[in-house]
Amino acid sequence: MTQQPSAADEWQRIHQLNSSDSKDEVNYAPFKAVMTTNSSFFKPTFTSDSLDLPSYVSACISEFLGPDASPSKQSDVVQIGSALLGSFMQTAWTGPALDYDLLDLLPESIKSHLILVNNSDTLSTVPTAPWWKFRTLFVQQRVLDNQSNTLNESILETAVHVEKSLESEYFTQQQDLRIVAELRARFYLELGFVHHYYERNAKALAEFTRAQKATQLVWKLTGALGKRTKFQTFDVTQLVVIAESKDLHASAGQQPAVAETTTAMPETLALNDDTLLETIDYTDLESKGGNLRIIDQCILLAMCLNIKNENPTDGLTTEQMKPFVSRVLENPNNWMVHTMGLLLRSRLEAAKSRTTERSVLQLQAIVDQMAVEQDSTPSERLNHIYSIFIPSKWELESELADRLVSIGVVKSALEIFERLELWDNVVSNSKAEQIVRKQLESTPDSPKLHCLLGDITRDSKHYYEAWSISNQRYARAMRSLGSYYFRRVISLKCQVLRFGTPINPLFENSWFVMGCAALRAEDWNTAQRAFLKTVLLTATMSVRAMTRVFEIRSSPNPESLVDLGCLQILVHAVVHDIQGADGLTAGAHVKQINTLLEGVVNKMSGSARLFTLCPSSTQVKSSKLALEYLGKAYRVYLHAPELNNDERLFKLGADVTERLAEGYREFGPLESAPRLDSEAVDGATDEAERPVLVPVCADWRYQARTALRTFISRTKDTYEGTPEHDHLKEILASFSAASE
């Protein structure tokens with residue numbers, strides 16, 4: 001008679017924990033032994049000739065369980081299903097290759113999915129059956145090309161049953177708090193990875209936080225002084241993660257747990273850079289918290305994953321993630337978890353020139369080590385495989401190929417893509433159509449290949465073919481077909497508007513629609529021209545748009561903060577009070593344009609072109625301020641290093657010098673208040689309140705002559721005798737004659 005399995009046995013199979021051992025690793029029951037022990041399951045009294053595979057497996061389970069369906073028999077079925085799932089994970093994820101052929105043990109291609117998912121209702125007495133179903137469903141999702149809403153709903157529904165099982169009698173009466181914490185943390189991590197996969201980032205973070213609370217891990221991201229380079233002579237603040245695991249054995253009055261370590265360790269490549277240190281040398285950090293438990297390392301890696309989810313891909317995000325990875329890599333407690341840390345470090349180092357070589361080589365080493373057993377056992381690799389979000393072996397190889405493409409090793413990358421039959425990645429290659437057509441000869445009923453051929457040839461018939469052969473089930477075909485027609489309609493819309501809008505260009509909405517259509521069609525030049533027309537047609541919209549763009553744009557190059565061409569058009573429209581398409585005149589926006597000009601001048605203090613724009617607008621408010629802007633433009637040209645070597649620069653400078661001199665002649669004698677607040681002057685009612693008026697520039701003749709003489713003298717050696725130079729002399733003579 002088969003011994004009745006205990007709840008502890010079932011849960012131990014889930015988390016691989018042995019409560020009598022201080023280490024978090026025990027061996028998986030060898031898959032071959034499980035199948036040999038339960039050989040009757042695979043040798044039913046009937047044949048499969050008249051049944052499809054799912055029906056055949058259900059019949060095998062029914063015959064194996066018998067009429068009483070005893071808990072021990074159900075437990076054996078779950079063990080068979082989990083063994084098959086483990087064998088698949090070892091083959092597709094962790095390596096090394098199985099030392100036996102499953103087909104030698106199975107009469108048909110029995111799948112763990114058919115046992116743990118399709119027949120889960122017949123395994124109701126096994127408390128861990130829902131969890132194995134949950135894992136199987138998520139693994140099935142991860143091997144598919146696209147997210148499946150059906151699987152998503154099934155996974156979440158199963159998760160509810162798993163969570164209920166975590167409140168069972170086994171947990172409420174469990175004396176070993178470490179087992180309870182570990183089990184709950186593992187499930188919260190696995191559920192968090194489900195949310196992460198389906199891009200529900202907030203829910204993923206909530207589950208990762210629950211896992212942290214379950215194990216009572218304490219961590220914080222903070223700063224500490226340290227050095228990053230070999231030749232650094234001073235300390236700067238560096239990010240660091242300080243984390244400490246809770247000793248749950250001591251909390252329960254048990255013997256303290258022995259620190260988790262492993263002698264097996266994946267190959268960790270050194271940086272060997274002539275400038276950067278291998279790790280940051282912290283000078284004021286006493287401790288980062290000691291060795292971490294393996295499950296806590298998994299939680300930190302999950303938290304690192306969340307930073308990537310919640311932030312843009314840039315250098316700041318990378319710097320935030322690195323401390324989490326470094327903290328995990330400090331203690332190699334588990335081969336697979338350490339491999340995940342090395343993979344994340346490889347990804348973070350890919351964008352830096354000093355670390356990109358190690359990034360590629362480390363990824364290559366990870367891929368190579370998956371196939372060999374010499375550095376770790378299958379048991380250690382599988383022990384925490386569900387607690388980390390590591391890619392499958394073929395995904396790792398695909399990532400390696402992408403990395404090789406990024407450094408120019410295209411031929412080797414293409415070989416990997418073709419071996420893995422990743423035709424999506426081959427499409428960018430010049431031989432793409434030839435390769436895909438060759439594959440279609442052997443697998444003509446592949447909707448994916450037909451869609452890829454449609455992408456290459458831009459022919460919609462291939463999308464229809466993919467939809468047809470999939471019996472209207474391959475959603476990608478309709479998505480591609482929709483994009484195809486969308487681009488065609490958008491291109492036609494652009495063409496129609498391109499002919500129609502110039503005939504009557506006063507409808508800004510038509511220009512705006514044309515710009516949006518051009519953006520969709522990726523016609524950037526047409527989009528830019530259309531949006532510019534839209535802005536310029538309405539003065540109010542123009543000023544507000546340019547002001548907003550200037551406010552939100554930041555650039556190390558001040559010249560790129562604003563389009564001076566557009567600004568010049570706006571200033572011209574405001575000064576000359578041009579009527580817009582909305583019937584309003586631009587002169588009403590003098591105050592707004594002056595405010596914009598003042599802000600731009602503060603950021604672009606060396607732009608002569610900008611200073612020449614300002615006087616025409618500001619003179620409406622203040623003649624003195626207009627002269628100041630002309631004087632600034634004059635000085636920019638006067639002190640330009642290339643003034644005597646660039647004829648164009650000389651002509652522009654001569655023009656500004658003339659405008660400055662004539663400005664002194666026109667505005668200098670005018671009377672104005674000492675303060676520039678014209679509204680206050682106009683609003684004064686009492687004669688005593690009105691300030692005494694003074695000339696805008698009392699010595700305007702002297703200032704004009706000085707400016708002319710200086711520019712003429714500085715350009716004499718190169719440009720004397722040119723029309724511009726002679727014209728400046730004539731203007732100087734007119735000032736001299738007037739003063740006499």
# chains A, B, ... in the order shown; residues from 1 in each chain; ligands from 1
>>> select_by_dssp(residues="region 184-318 of chain A", states="helix (DSSP H, G or I)", output="PyMOL selection string")
chain A and resi 184-197+201-215+248-251+294-310+315-318
>>> residues_around(residues="Ala211 (chain A)", least_positions_apart="5", cutoff="12 Å", atoms="only C-alpha atoms", output="PyMOL selection string")
chain A and resi 180-193+204-206+216-218+295-300+302-303+387
>>> residues_around(residues="Ile14 (chain A)", least_positions_apart="6", cutoff="9 Å", atoms="only C-alpha atoms", output="list in words")
Thr128, Trp131, Trp132 and Leu183 of chain A
>>> write_last_selection(atoms="C-alpha atoms", output="mmCIF file, in the first residue's frame")
data_model
loop_
_atom_site.group_PDB
_atom_site.id
_atom_site.type_symbol
_atom_site.label_atom_id
_atom_site.label_comp_id
_atom_site.auth_asym_id
_atom_site.auth_seq_id
_atom_site.Cartn_x
_atom_site.Cartn_y
_atom_site.Cartn_z
ATOM 1 C CA THR A 128 0.058 22.402 -4.209
ATOM 2 C CA TRP A 131 0.554 26.403 -7.720
ATOM 3 C CA TRP A 132 1.939 23.905 -10.229
ATOM 4 C CA LEU A 183 6.888 30.037 0.410
#
>>> atom_distance(atom1="CA of Ser75 (chain A)", atom2="CA of Leu123 (chain A)")
7.7 Å
>>> closest_residue(among="A:Ala517, A:Ala475, A:Ala707, A:Val575", to="Asn149 (chain A)", atoms="only C-alpha atoms")
A:Ala475
>>> residues_around(residues="His727 (chain A)", least_positions_apart="5", cutoff="12 Å", atoms="only C-alpha atoms", output="compact mmCIF listing (two decimals) with N, CA and C atoms, in the first residue's frame")
# COMPACT_ATOMS: atom_id res chain seq x y z
N LYS A 651 29.56 92.16 -43.60
CA LYS A 651 28.39 92.84 -44.15
C LYS A 651 27.27 92.93 -43.11
N ALA A 654 28.35 95.56 -40.63
CA ALA A 654 28.21 96.91 -41.18
C ALA A 654 26.76 97.35 -41.15
N ASP A 655 25.84 96.42 -41.46
CA ASP A 655 24.42 96.75 -41.43
C ASP A 655 23.97 97.12 -40.02
N THR A 657 25.89 98.23 -37.61
CA THR A 657 26.53 99.51 -37.25
C THR A 657 25.74 100.68 -37.82
N GLU A 658 25.30 100.54 -39.06
CA GLU A 658 24.49 101.60 -39.67
C GLU A 658 23.18 101.77 -38.90
N LEU A 708 30.80 104.21 -35.21
CA LEU A 708 31.20 104.17 -36.63
C LEU A 708 32.71 104.14 -36.78
N ILE A 712 34.83 101.06 -38.48
CA ILE A 712 35.57 101.38 -39.71
C ILE A 712 37.06 101.10 -39.53
N TYR A 719 38.69 95.46 -45.61
CA TYR A 719 37.50 95.79 -46.40
C TYR A 719 37.47 97.24 -46.89
N GLU A 720 38.56 97.99 -46.73
CA GLU A 720 38.56 99.37 -47.22
C GLU A 720 38.38 99.38 -48.74
N GLY A 721 37.50 100.24 -49.22
CA GLY A 721 37.21 100.32 -50.64
C GLY A 721 35.98 99.56 -51.04
N THR A 722 35.43 98.72 -50.14
CA THR A 722 34.19 97.99 -50.45
C THR A 722 33.01 98.95 -50.30
N LEU A 732 29.46 108.47 -41.24
CA LEU A 732 30.29 109.15 -40.25
C LEU A 732 30.49 110.62 -40.63
N ALA A 733 30.69 110.86 -41.92
CA ALA A 733 30.87 112.24 -42.38
C ALA A 733 29.62 113.07 -42.13
N SER A 734 28.44 112.46 -42.28
CA SER A 734 27.20 113.21 -42.06
C SER A 734 27.05 113.60 -40.60
>>> closest_residue(among="A:Glu310, A:Pro723, A:Thr339, A:Leu276", to="Lys203 (chain A)", atoms="only C-alpha atoms")
A:Glu310
>>> select_by_dssp(residues="region 122-355 of chain A", states="strand (DSSP E)", output="ChimeraX atom specification")
/A:218-229,236-244,276-282
>>> closest_residue(among="A:Glu157, A:Leu610, A:Leu440, A:Asn602", to="Val571 (chain A)", atoms="only C-alpha atoms")
A:Leu610
>>> residues_around(residues="Gln364 (chain A)", least_positions_apart="6", cutoff="10 Å", atoms="only C-alpha atoms", output="mmCIF file with all heavy atoms, in the first residue's frame")
data_model
loop_
_atom_site.group_PDB
_atom_site.id
_atom_site.type_symbol
_atom_site.label_atom_id
_atom_site.label_comp_id
_atom_site.auth_asym_id
_atom_site.auth_seq_id
_atom_site.Cartn_x
_atom_site.Cartn_y
_atom_site.Cartn_z
ATOM 1 N N ARG A 358 33.205 43.764 -21.999
ATOM 2 C CA ARG A 358 32.871 42.772 -20.977
ATOM 3 C C ARG A 358 31.398 42.402 -21.059
ATOM 4 O O ARG A 358 31.028 41.242 -20.821
ATOM 5 C CB ARG A 358 33.190 43.292 -19.577
ATOM 6 C CG ARG A 358 32.824 42.254 -18.517
ATOM 7 C CD ARG A 358 33.279 42.585 -17.134
ATOM 8 N NE ARG A 358 32.552 43.662 -16.501
ATOM 9 C CZ ARG A 358 32.643 43.959 -15.206
ATOM 10 N NH1 ARG A 358 33.452 43.263 -14.431
ATOM 11 N NH2 ARG A 358 31.973 44.965 -14.694
ATOM 12 N N LEU A 396 18.162 34.088 -24.552
ATOM 13 C CA LEU A 396 19.518 34.552 -24.254
ATOM 14 C C LEU A 396 20.378 34.579 -25.513
ATOM 15 O O LEU A 396 21.136 35.525 -25.746
ATOM 16 C CB LEU A 396 20.163 33.645 -23.204
ATOM 17 C CG LEU A 396 19.761 33.870 -21.746
ATOM 18 C CD1 LEU A 396 20.376 32.803 -20.858
ATOM 19 C CD2 LEU A 396 20.188 35.259 -21.285
ATOM 20 N N GLU A 397 20.257 33.541 -26.339
ATOM 21 C CA GLU A 397 21.026 33.523 -27.582
ATOM 22 C C GLU A 397 20.571 34.632 -28.525
ATOM 23 O O GLU A 397 21.387 35.251 -29.214
ATOM 24 C CB GLU A 397 20.882 32.155 -28.255
ATOM 25 C CG GLU A 397 21.580 31.027 -27.515
ATOM 26 C CD GLU A 397 21.633 29.745 -28.329
ATOM 27 O OE1 GLU A 397 22.293 29.731 -29.382
ATOM 28 O OE2 GLU A 397 20.993 28.763 -27.914
ATOM 29 N N GLU A 399 19.330 37.501 -27.558
ATOM 30 C CA GLU A 399 19.876 38.728 -26.982
ATOM 31 C C GLU A 399 21.356 38.871 -27.319
ATOM 32 O O GLU A 399 21.835 39.974 -27.611
ATOM 33 C CB GLU A 399 19.676 38.718 -25.462
ATOM 34 C CG GLU A 399 20.089 40.003 -24.778
ATOM 35 C CD GLU A 399 19.717 40.024 -23.311
ATOM 36 O OE1 GLU A 399 18.837 39.235 -22.896
ATOM 37 O OE2 GLU A 399 20.296 40.835 -22.564
ATOM 38 N N LEU A 400 22.080 37.747 -27.295
ATOM 39 C CA LEU A 400 23.497 37.779 -27.680
ATOM 40 C C LEU A 400 23.640 38.210 -29.137
ATOM 41 O O LEU A 400 24.516 39.015 -29.474
ATOM 42 C CB LEU A 400 24.121 36.398 -27.459
ATOM 43 C CG LEU A 400 25.562 36.227 -27.950
ATOM 44 C CD1 LEU A 400 26.505 37.197 -27.233
ATOM 45 C CD2 LEU A 400 26.025 34.786 -27.760
ATOM 46 N N ALA A 401 22.773 37.691 -30.012
ATOM 47 C CA ALA A 401 22.831 38.074 -31.429
ATOM 48 C C ALA A 401 22.555 39.560 -31.602
ATOM 49 O O ALA A 401 23.231 40.246 -32.390
ATOM 50 C CB ALA A 401 21.833 37.240 -32.223
ATOM 51 N N ARG A 403 23.155 41.863 -29.438
ATOM 52 C CA ARG A 403 24.333 42.569 -28.926
ATOM 53 C C ARG A 403 25.463 42.518 -29.944
ATOM 54 O O ARG A 403 26.200 43.500 -30.110
ATOM 55 C CB ARG A 403 24.768 41.933 -27.608
ATOM 56 C CG ARG A 403 25.670 42.796 -26.733
ATOM 57 C CD ARG A 403 24.898 43.891 -26.037
ATOM 58 N NE ARG A 403 23.855 43.357 -25.195
ATOM 59 C CZ ARG A 403 24.036 42.884 -23.964
ATOM 60 N NH1 ARG A 403 25.247 42.864 -23.439
ATOM 61 N NH2 ARG A 403 23.017 42.447 -23.245
ATOM 62 N N LEU A 404 25.607 41.395 -30.638
ATOM 63 C CA LEU A 404 26.637 41.295 -31.676
ATOM 64 C C LEU A 404 26.349 42.254 -32.825
ATOM 65 O O LEU A 404 27.273 42.867 -33.376
ATOM 66 C CB LEU A 404 26.710 39.857 -32.194
ATOM 67 C CG LEU A 404 27.250 38.808 -31.218
ATOM 68 C CD1 LEU A 404 27.139 37.407 -31.810
ATOM 69 C CD2 LEU A 404 28.705 39.105 -30.844
#
